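Structure file final-v4.pdb (PDB, C-alpha atoms) is printed below.
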```pdb
MODEL        1
ATOM      1  CA  MET A 326       1.987 -11.924   5.465
ATOM      2  CA  ILE A 327       3.121 -10.354   2.226
ATOM      3  CA  VAL A 328       2.967  -6.620   1.593
ATOM      4  CA  SER A 329       2.553  -4.902  -1.766
ATOM      5  CA  MET A 330       5.074  -2.285  -2.876
ATOM      6  CA  THR A 331       2.269  -0.078  -4.192
ATOM      7  CA  GLY A 332       0.523   2.271  -1.790
ATOM      8  CA  PHE A 333      -0.599   5.821  -1.104
ATOM      9  CA  GLY A 334      -1.498   7.768   2.009
ATOM     10  CA  LYS A 335      -2.290  11.273   3.266
ATOM     11  CA  GLY A 336      -1.875  12.882   6.663
ATOM     12  CA  ARG A 337      -2.738  16.232   8.251
ATOM     13  CA  ALA A 338      -1.714  18.029  11.435
ATOM     14  CA  GLY A 339      -1.525  21.599  12.694
ATOM     15  CA  ASN A 340      -2.431  24.253  15.222
ATOM     16  CA  LYS A 341      -4.031  27.688  15.214
ATOM     17  CA  HIS A 342      -1.452  29.227  12.878
ATOM     18  CA  LEU A 343       0.159  26.237  11.159
ATOM     19  CA  SER A 344      -1.274  23.534   8.883
ATOM     20  CA  ILE A 345       0.728  20.623   7.523
ATOM     21  CA  GLU A 346      -0.204  18.118   4.817
ATOM     22  CA  ALA A 347       1.854  15.038   3.998
ATOM     23  CA  GLU A 348       1.510  12.573   1.127
ATOM     24  CA  VAL A 349       3.450   9.341   0.707
ATOM     25  CA  LYS A 350       3.419   7.220  -2.443
ATOM     26  CA  THR A 351       5.262   3.957  -3.102
ATOM     27  CA  VAL A 352       5.760   2.047  -6.356
ATOM     28  CA  ASN A 353       7.781  -0.969  -7.480
ATOM     29  CA  SER A 354      11.552  -0.831  -7.234
ATOM     30  CA  ARG A 355      14.243  -3.439  -6.717
ATOM     31  CA  TYR A 356      15.723  -1.515  -3.796
ATOM     32  CA  LEU A 357      14.564   1.157  -1.338
ATOM     33  CA  ASP A 358      14.696   4.576  -2.996
ATOM     34  CA  ILE A 359      13.362   7.604  -1.089
ATOM     35  CA  SER A 360      12.821  11.056  -2.594
ATOM     36  CA  LEU A 361      11.486  14.057  -0.682
ATOM     37  CA  ARG A 362       9.543  17.082  -1.886
ATOM     38  CA  VAL A 363       9.608  19.447   1.070
ATOM     39  CA  PRO A 364       9.948  23.188   1.771
ATOM     40  CA  SER A 365      13.517  24.457   2.079
ATOM     41  CA  SER A 366      12.914  25.015   5.793
ATOM     42  CA  LEU A 367      12.708  21.210   6.187
ATOM     43  CA  MET A 368      15.961  20.464   4.363
ATOM     44  CA  VAL A 369      17.802  20.349   7.708
ATOM     45  CA  LYS A 370      15.438  17.534   8.727
ATOM     46  CA  ASP A 371      16.018  15.553   5.525
ATOM     47  CA  PHE A 372      17.994  12.785   7.251
ATOM     48  CA  GLU A 373      15.476  12.387  10.085
ATOM     49  CA  ILE A 374      12.548  12.154   7.677
ATOM     50  CA  LYS A 375      14.280   9.545   5.501
ATOM     51  CA  GLU A 376      15.309   7.467   8.512
ATOM     52  CA  TYR A 377      11.730   7.450   9.746
ATOM     53  CA  ILE A 378      10.491   6.272   6.341
ATOM     54  CA  LYS A 379      13.211   3.563   6.264
ATOM     55  CA  SER A 380      11.915   2.221   9.571
ATOM     56  CA  LYS A 381       8.497   1.672   7.968
ATOM     57  CA  VAL A 382       9.267   0.702   4.356
ATOM     58  CA  LYS A 383      11.841  -1.917   3.354
ATOM     59  CA  ARG A 384      11.675  -1.889  -0.439
ATOM     60  CA  GLY A 385      10.260   0.209  -3.289
ATOM     61  CA  LYS A 386      10.461   3.738  -4.637
ATOM     62  CA  VAL A 387       9.016   6.124  -2.046
ATOM     63  CA  THR A 388       8.018   9.719  -2.762
ATOM     64  CA  ALA A 389       7.091  11.842   0.256
ATOM     65  CA  SER A 390       5.634  15.335  -0.171
ATOM     66  CA  ILE A 391       5.140  17.765   2.714
ATOM     67  CA  GLN A 392       3.361  21.115   2.479
ATOM     68  CA  ILE A 393       3.461  23.662   5.294
ATOM     69  CA  LYS A 394       1.146  26.657   5.517
ATOM     70  CA  LYS A 395       1.415  29.418   8.086
ATOM     71  CA  ASN A 396      -1.580  31.692   8.479
ATOM     72  CA  GLY A 397      -2.966  30.244   5.253
ATOM     73  CA  LEU A 398       0.162  30.900   3.158
ATOM     74  CA  GLU A 399       2.688  28.313   2.034
ATOM     75  CA  VAL A 400       6.040  28.765   3.741
ATOM     76  CA  ASP A 401       9.153  29.400   1.646
ATOM     77  CA  ASN A 402       6.977  30.891  -1.079
ATOM     78  CA  LEU A 403       7.534  34.356  -2.446
ATOM     79  CA  VAL A 404       5.458  37.067  -0.792
ATOM     80  CA  LEU A 405       4.788  40.667  -1.709
ATOM     81  CA  ASP A 406       6.898  43.379  -0.048
ATOM     82  CA  ASP A 407       4.291  46.139   0.334
ATOM     83  CA  GLU A 408       6.806  48.911   1.055
ATOM     84  CA  LYS A 409       8.927  48.126  -1.994
ATOM     85  CA  LEU A 410       5.789  47.920  -4.135
ATOM     86  CA  LYS A 411       4.609  51.355  -2.970
ATOM     87  CA  SER A 412       8.058  52.843  -3.548
ATOM     88  CA  TYR A 413       8.309  51.364  -7.040
ATOM     89  CA  LEU A 414       4.756  52.463  -7.919
ATOM     90  CA  THR A 415       5.582  56.022  -6.844
ATOM     91  CA  LEU A 416       8.670  55.916  -9.045
ATOM     92  CA  LEU A 417       6.678  54.735 -12.066
ATOM     93  CA  LYS A 418       4.111  57.505 -11.593
ATOM     94  CA  SER A 419       6.916  60.066 -11.420
ATOM     95  CA  VAL A 420       8.477  58.722 -14.624
ATOM     96  CA  LYS A 421       5.088  58.731 -16.322
ATOM     97  CA  LYS A 422       4.464  62.356 -15.327
ATOM     98  CA  THR A 423       7.951  63.583 -16.260
ATOM     99  CA  ALA A 424       7.962  61.780 -19.602
ATOM    100  CA  LYS A 425       4.340  62.741 -20.265
ATOM    101  CA  ILE A 426       3.269  59.125 -20.854
ATOM    102  CA  SER A 427      -0.487  58.628 -21.056
ATOM    103  CA  GLU A 428      -0.435  54.820 -20.847
ATOM    104  CA  LYS A 429      -1.816  53.345 -17.641
ATOM    105  CA  ILE A 430       0.479  51.466 -15.291
ATOM    106  CA  LYS A 431      -0.172  47.715 -15.688
ATOM    107  CA  LEU A 432       0.701  44.613 -13.696
ATOM    108  CA  GLU A 433       3.483  43.614 -16.084
ATOM    109  CA  HIS A 434       5.163  46.959 -15.469
ATOM    110  CA  LEU A 435       5.297  46.197 -11.756
ATOM    111  CA  LEU A 436       6.470  42.597 -12.103
ATOM    112  CA  VAL A 437       9.541  43.704 -14.035
ATOM    113  CA  ASN A 438      11.003  44.653 -10.683
ATOM    114  CA  LYS A 439      11.745  41.323  -8.958
ATOM    115  CA  ASP A 440      12.593  43.069  -5.686
ATOM    116  CA  ILE A 441       8.931  43.491  -4.791
ATOM    117  CA  LEU A 442       8.678  39.685  -4.295
ATOM    118  CA  VAL A 443      10.710  38.279  -1.417
ATOM    119  CA  SER A 444      11.039  34.968   0.417
ATOM    120  CA  ASN A 445       9.340  34.808   3.772
ATOM    121  CA  ASN A 446      12.451  33.060   5.227
ATOM    122  CA  TYR A 447      10.417  30.685   7.365
ATOM    123  CA  SER A 448      12.317  28.638   9.956
ATOM    124  CA  ILE A 449      10.589  25.638  11.526
ATOM    125  CA  SER A 450      10.813  25.065  15.286
ATOM    126  CA  ASP A 451      11.155  21.700  17.041
ATOM    127  CA  ILE A 452       7.560  21.911  18.259
ATOM    128  CA  GLU A 453       6.347  22.594  14.715
ATOM    129  CA  PHE A 454       8.468  19.711  13.402
ATOM    130  CA  ASN A 455       6.583  17.415  15.767
ATOM    131  CA  LEU A 456       3.462  18.350  13.802
ATOM    132  CA  VAL A 457       5.280  17.459  10.583
ATOM    133  CA  THR A 458       6.127  14.056  12.066
ATOM    134  CA  GLU A 459       2.494  13.587  13.097
ATOM    135  CA  ALA A 460       1.209  14.302   9.580
ATOM    136  CA  LEU A 461       3.895  12.081   8.040
ATOM    137  CA  GLU A 462       3.045   9.239  10.419
ATOM    138  CA  GLN A 463      -0.637   9.441   9.447
ATOM    139  CA  ALA A 464       0.266   9.345   5.750
ATOM    140  CA  ILE A 465       2.609   6.383   6.184
ATOM    141  CA  ASN A 466       0.096   4.413   8.264
ATOM    142  CA  GLU A 467      -2.595   4.948   5.623
ATOM    143  CA  MET A 468      -0.131   3.919   2.923
ATOM    144  CA  LEU A 469       0.894   0.791   4.879
ATOM    145  CA  ASN A 470      -2.745  -0.224   5.328
ATOM    146  CA  MET A 471      -3.221   0.034   1.576
ATOM    147  CA  LYS A 472      -0.041  -2.016   0.964
ATOM    148  CA  ARG A 473      -1.205  -4.729   3.374
ATOM    149  CA  LYS A 474      -4.674  -4.850   1.824
ATOM    150  CA  GLU A 475      -3.247  -5.224  -1.672
ATOM    151  CA  GLY A 476      -0.770  -7.774  -0.306
ATOM    152  CA  LYS A 477      -3.658  -9.972   0.858
ATOM    153  CA  GLU A 478      -5.134  -9.915  -2.644
ATOM    154  CA  LEU A 479      -1.743 -10.761  -4.146
ATOM    155  CA  ALA A 480      -1.322 -13.681  -1.745
ATOM    156  CA  LYS A 481      -4.785 -14.985  -2.615
ATOM    157  CA  ASP A 482      -3.969 -14.897  -6.324
ATOM    158  CA  LEU A 483      -0.562 -16.545  -5.834
ATOM    159  CA  ARG A 484      -2.014 -19.387  -3.736
ATOM    160  CA  LYS A 485      -4.576 -20.064  -6.453
ATOM    161  CA  ARG A 486      -1.886 -20.227  -9.134
ATOM    162  CA  ILE A 487       0.273 -22.547  -7.023
ATOM    163  CA  GLU A 488      -2.790 -24.768  -6.578
ATOM    164  CA  ASN A 489      -3.272 -24.787 -10.364
ATOM    165  CA  ILE A 490       0.340 -25.884 -10.820
ATOM    166  CA  GLU A 491      -0.039 -28.642  -8.196
ATOM    167  CA  ASN A 492      -3.109 -29.981 -10.000
ATOM    168  CA  LYS A 493      -1.221 -30.157 -13.292
ATOM    169  CA  LEU A 494       1.754 -31.737 -11.525
ATOM    170  CA  ASN A 495      -0.577 -34.457 -10.193
ATOM    171  CA  ASP A 496      -1.676 -35.140 -13.771
ATOM    172  CA  ILE A 497       1.950 -35.240 -14.928
ATOM    173  CA  GLU A 498       2.942 -37.732 -12.216
ATOM    174  CA  ARG A 499       0.029 -40.039 -13.080
ATOM    175  CA  GLU A 500       0.851 -39.845 -16.765
ATOM    176  CA  GLY A 501       4.562 -40.222 -16.091
ATOM    177  CA  GLN A 502       4.095 -43.619 -14.438
ATOM    178  CA  ASN A 503       2.798 -45.036 -17.708
ATOM    179  CA  SER A 504       4.694 -43.019 -20.291
ATOM    180  CA  VAL A 505       8.155 -44.521 -19.618
ATOM    181  CA  GLN A 506       6.916 -48.111 -19.966
ATOM    182  CA  GLU A 507       4.936 -47.194 -23.081
ATOM    183  CA  TYR A 508       8.019 -45.519 -24.513
ATOM    184  CA  PHE A 509      10.054 -48.641 -23.742
ATOM    185  CA  ASN A 510       7.545 -50.937 -25.473
ATOM    186  CA  LYS A 511       7.119 -48.743 -28.552
ATOM    187  CA  PHE A 512      10.863 -48.398 -28.989
ATOM    188  CA  LYS A 513      11.297 -52.142 -28.542
ATOM    189  CA  ASP A 514       8.709 -52.876 -31.243
ATOM    190  CA  LYS A 515      10.496 -50.587 -33.667
ATOM    191  CA  ILE A 516      13.843 -52.244 -32.962
ATOM    192  CA  LYS A 517      12.341 -55.687 -33.532
ATOM    193  CA  LEU A 518      11.475 -54.698 -37.059
ATOM    194  CA  LEU A 519      15.113 -53.865 -37.708
ATOM    195  CA  ILE A 520      16.681 -56.961 -36.156
ATOM    196  CA  GLU A 521      16.122 -60.345 -37.827
ATOM    197  CA  ASN A 522      17.249 -62.591 -34.992
ATOM    198  CA  ILE A 523      15.784 -60.832 -31.972
ATOM    199  CA  ALA A 524      16.536 -63.759 -29.631
ATOM    200  CA  GLN A 525      20.279 -63.444 -30.192
ATOM    201  CA  TYR A 526      20.284 -59.822 -29.094
ATOM    202  CA  ASN A 527      17.420 -59.941 -26.605
ATOM    203  CA  ASP A 528      19.389 -59.443 -23.350
ATOM    204  CA  ARG A 529      21.550 -56.687 -24.754
ATOM    205  CA  LEU A 530      18.533 -55.059 -26.371
ATOM    206  CA  GLU A 531      16.587 -55.066 -23.107
ATOM    207  CA  LEU A 532      19.496 -53.345 -21.338
ATOM    208  CA  GLU A 533      19.922 -50.657 -23.988
ATOM    209  CA  LEU A 534      16.206 -49.963 -24.127
ATOM    210  CA  ALA A 535      16.058 -49.698 -20.343
ATOM    211  CA  ILE A 536      18.858 -47.113 -20.424
ATOM    212  CA  ILE A 537      17.070 -45.135 -23.127
ATOM    213  CA  ALA A 538      13.741 -45.303 -21.309
ATOM    214  CA  GLU A 539      15.413 -44.207 -18.073
ATOM    215  CA  LYS A 540      16.332 -40.921 -19.763
ATOM    216  CA  ALA A 541      12.609 -40.195 -20.105
ATOM    217  CA  GLU A 542      12.037 -40.698 -16.360
ATOM    218  CA  ILE A 543      10.722 -37.472 -14.758
ATOM    219  CA  THR A 544      10.084 -38.566 -11.166
ATOM    220  CA  GLU A 545      12.994 -36.604  -9.682
ATOM    221  CA  GLU A 546      11.977 -33.414 -11.456
ATOM    222  CA  CYS A 547       8.398 -33.791 -10.214
ATOM    223  CA  VAL A 548       9.609 -34.297  -6.635
ATOM    224  CA  ARG A 549      11.804 -31.180  -6.800
ATOM    225  CA  LEU A 550       9.044 -29.106  -8.364
ATOM    226  CA  ARG A 551       6.597 -30.171  -5.659
ATOM    227  CA  SER A 552       9.185 -29.268  -3.019
ATOM    228  CA  HIS A 553       9.586 -25.791  -4.553
ATOM    229  CA  LEU A 554       5.808 -25.310  -4.520
ATOM    230  CA  LYS A 555       5.635 -26.167  -0.813
ATOM    231  CA  PHE A 556       8.553 -23.867  -0.007
ATOM    232  CA  PHE A 557       6.869 -21.092  -1.990
ATOM    233  CA  ILE A 558       3.683 -21.294   0.103
ATOM    234  CA  ASP A 559       5.690 -21.501   3.350
ATOM    235  CA  SER A 560       7.653 -18.372   2.416
ATOM    236  CA  LEU A 561       4.472 -16.614   1.378
ATOM    237  CA  GLU A 562       2.901 -17.188   4.783
ATOM    238  CA  LYS A 563       5.869 -16.934   7.156
ATOM    239  CA  ASP A 564       8.530 -14.597   5.730
ATOM    240  CA  GLU A 565       8.252 -10.867   6.415
ATOM    241  CA  GLU A 566       9.957  -9.856   3.154
ATOM    242  CA  PRO A 567       9.648 -12.831   0.777
ATOM    243  CA  GLY A 568       9.831 -10.952  -2.541
ATOM    244  CA  ARG A 569      13.388 -11.886  -3.580
ATOM    245  CA  LYS A 570      13.074 -15.468  -2.301
ATOM    246  CA  LEU A 571       9.843 -16.014  -4.239
ATOM    247  CA  ASN A 572      11.469 -14.695  -7.390
ATOM    248  CA  PHE A 573      14.328 -17.189  -6.984
ATOM    249  CA  LEU A 574      11.867 -20.041  -6.398
ATOM    250  CA  CYS A 575      10.075 -19.122  -9.624
ATOM    251  CA  GLN A 576      13.350 -19.548 -11.494
ATOM    252  CA  GLU A 577      13.852 -22.990  -9.945
ATOM    253  CA  MET A 578      10.268 -24.064 -10.658
ATOM    254  CA  ASN A 579      10.602 -22.957 -14.260
ATOM    255  CA  ARG A 580      13.849 -24.924 -14.599
ATOM    256  CA  GLU A 581      12.188 -28.137 -13.414
ATOM    257  CA  ALA A 582       9.194 -27.593 -15.697
ATOM    258  CA  ASN A 583      11.521 -27.098 -18.670
ATOM    259  CA  THR A 584      13.418 -30.282 -17.827
ATOM    260  CA  ILE A 585      10.196 -32.290 -17.573
ATOM    261  CA  SER A 586       9.087 -30.937 -20.937
ATOM    262  CA  SER A 587      12.399 -31.793 -22.606
ATOM    263  CA  LYS A 588      12.524 -35.360 -21.205
ATOM    264  CA  THR A 589       8.948 -36.502 -21.674
ATOM    265  CA  VAL A 590       7.661 -38.385 -24.685
ATOM    266  CA  SER A 591       4.048 -37.762 -23.699
ATOM    267  CA  THR A 592       2.083 -35.087 -25.534
ATOM    268  CA  SER A 593      -0.237 -34.733 -22.556
ATOM    269  CA  ILE A 594       2.671 -34.054 -20.189
ATOM    270  CA  THR A 595       4.112 -31.535 -22.634
ATOM    271  CA  HIS A 596       0.809 -29.657 -22.710
ATOM    272  CA  ASN A 597       0.655 -29.646 -18.913
ATOM    273  CA  THR A 598       4.181 -28.241 -18.621
ATOM    274  CA  VAL A 599       3.214 -25.443 -20.999
ATOM    275  CA  PHE A 600       0.367 -24.544 -18.643
ATOM    276  CA  ILE A 601       2.704 -24.714 -15.634
ATOM    277  CA  ARG A 602       5.252 -22.409 -17.251
ATOM    278  CA  GLU A 603       2.514 -19.922 -18.129
ATOM    279  CA  GLU A 604       1.358 -19.895 -14.487
ATOM    280  CA  ILE A 605       4.935 -19.448 -13.259
ATOM    281  CA  GLU A 606       5.367 -16.459 -15.559
ATOM    282  CA  LYS A 607       2.168 -14.892 -14.205
ATOM    283  CA  ILE A 608       3.436 -15.502 -10.666
ATOM    284  CA  ARG A 609       6.750 -13.823 -11.491
ATOM    285  CA  GLU A 610       4.891 -10.783 -12.772
ATOM    286  CA  GLN A 611       2.860 -10.591  -9.566
ATOM    287  CA  ILE A 612       5.756 -10.951  -7.141
ATOM    288  CA  GLN A 613       7.545  -7.982  -8.695
ATOM    289  CA  ASN A 614       5.081  -5.952  -6.610
ATOM    290  CA  ILE A 615       5.875  -7.722  -3.315
ATOM    291  CA  GLU A 616       8.031  -5.915  -0.754
TER     292      GLU A 616
ENDMDL
END
```
Exercise: express the given structure as structure tokens:
Amino acid sequence: MIVSMTGFGKGRAGNKHLSIEAEVKTVNSRYLDISLRVPSSLMVKDFEIKEYIKSKVKRGKVTASIQIKKNGLEVDNLVLDDEKLKSYLTLLKSVKKTAKISEKIKLEHLLVNKDILVSNNYSISDIEFNLVTEALEQAINEMLNMKRKEGKELAKDLRKRIENIENKLNDIEREGQNSVQEYFNKFKDKIKLLIENIAQYNDRLELELAIIAEKAEITEECVRLRSHLKFFIDSLEKDEEPGRKLNFLCQEMNREANTISSKTVSTSITHNTVFIREEIEKIREQIQNIE
């Protein structure tokens, strides 16, 4: 079953004093790329968090955000130091009185002094980190469910496009059985007009025309293309991480379609190969989002 690289999930956990919210978002990327947005108190757990995500996600750009609140306040945020504020306010009032300043003390006057805002220096315990893991697990599971659901829709679309290509390939094979012989006969008729004594050159002419007509034969290309289509569906249904393999198969399918188009002398076959190449391009766009 294929899995999309696009997903999003949220998770929550906590206790009486602590609340934790986790969000995980994934988007397309060629490789696995994990970035964390966490409080500084979780920096020491950076490796553990990334390893846990790696065990769940194989490919894509992953952004994980974790917010921790203790007693309703975000940890690692600046908080007001009441004692320093009172001391600074007393100082301002003294300056105002001594300098005989009538202007009222405003908020901007207080915020000039950065010392009244301090970090709460929160340190997370192992028990509290278990809650972080719980919230993160919820977020990842929700995100994975979304990725699997979108993967099912992608697989449905890809199967339909492969079916469309197979139908056109059937038309090409039917047309191809007649086109080589028709090409041979038309070319032979044209040569006859140029050669006065056709009987003298008949055997040699037949051989040369057969060689020329053989160059328009597309049976091998059709067989290889059909084989690629079957392998594509097998990989879609059986491989756990088929993204790169499917991309390679698209390249091979496109190569065979191009060869058929360049060899054929049939307008109908040419039109069908154009359709096939358009479908292959749409498939390639879709599989960029497969993990």
(request) Run the PyMOL selection byres ((chain A and resi 414-417) around 12) on the file and write out the hits as a list in words. (result) Asp407, Glu408, Lys409, Leu410, Lys411, Ser412, Tyr413, Lys418, Ser419, Val420, Lys421, Lys422, Thr423, Ala424, Lys425, Ile426, Glu428, Lys429, Ile430, Lys431, Leu432, His434, Leu435, Leu436, Val437, Asn438 and Ile441 of chain A
I'd like a table as a Markdown table: residues in range 328-407 of chain A with an atom no more than 12 Å from range 479-502 of chain A, each row giving the shortest atom pair and its distance in Å to one decimal, all atoms listed in the file counted, sorted by chain and rising residue number.
```
| residue | atom | partner | partner_atom | distance |
| --- | --- | --- | --- | --- |
| A:Val328 | CA | A:Leu479 | CA | 8.5 |
| A:Ser329 | CA | A:Leu479 | CA | 7.6 |
| A:Met330 | CA | A:Leu479 | CA | 11.0 |
| A:Thr331 | CA | A:Leu479 | CA | 11.4 |
```
Expected file: the selected residues, C-alpha atoms, as a compact mmCIF listing (two decimals), in the frame of the given file:
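Wrote it out as selection_35.txt, contents follow:
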```
# COMPACT_ATOMS: atom_id res chain seq x y z
CA VAL A 328 2.97 -6.62 1.59
CA SER A 329 2.55 -4.90 -1.77
CA MET A 330 5.07 -2.28 -2.88
CA THR A 331 2.27 -0.08 -4.19
```
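Using all atoms listed in the file, the smallest distance between any of A:Asn470, A:Leu367, A:Ser552, A:Ala338 and Ser450 in chain A comes from A:Leu367.
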All residues 10 Å or closer to Ala347 in chain A, only C-alpha atoms, same chain fewer than 6 positions away omitted, as a CSV table (one decimal) with C-alpha atoms, in the frame of the given file:
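What follows is the written file around16.csv:
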```
chain,number,residue,atom,x,y,z
A,334,GLY,CA,-1.5,7.8,2.0
A,335,LYS,CA,-2.3,11.3,3.3
A,336,GLY,CA,-1.9,12.9,6.7
A,337,ARG,CA,-2.7,16.2,8.3
A,338,ALA,CA,-1.7,18.0,11.4
A,362,ARG,CA,9.5,17.1,-1.9
A,363,VAL,CA,9.6,19.4,1.1
A,389,ALA,CA,7.1,11.8,0.3
A,390,SER,CA,5.6,15.3,-0.2
A,391,ILE,CA,5.1,17.8,2.7
A,392,GLN,CA,3.4,21.1,2.5
A,393,ILE,CA,3.5,23.7,5.3
A,457,VAL,CA,5.3,17.5,10.6
A,458,THR,CA,6.1,14.1,12.1
A,459,GLU,CA,2.5,13.6,13.1
A,460,ALA,CA,1.2,14.3,9.6
A,461,LEU,CA,3.9,12.1,8.0
A,462,GLU,CA,3.0,9.2,10.4
A,463,GLN,CA,-0.6,9.4,9.4
A,464,ALA,CA,0.3,9.3,5.8
A,465,ILE,CA,2.6,6.4,6.2
```
(request) Figure out the distance between CA of Asp559 in chain A and CA of Val599 in chain A, please, to one decimal in Å. (result) 24.8 Å
(request) Identify which of the residues A:Leu554, A:Phe454, A:Leu571, A:Met471 lies closest to Glu373 in chain A, counting only C-alpha atoms when measuring atom-to-atom distances. (result)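 Looking at the shortest contact to Glu373 in chain A, the residue is A:Phe454.
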(request) Would you write out, as a ChimeraX atom specification, every residue that the PyMOL selection byres ((chain A and resi 611) around 10) captures in this file? (result) /A:329,479-480,482-483,568,572,605-610,612-615
(message) As an exercise, work out the distance from CA of Thr595 in chain A to CA of Lys570 in chain A in Å and give it to one decimal place.
(response) 27.4 Å
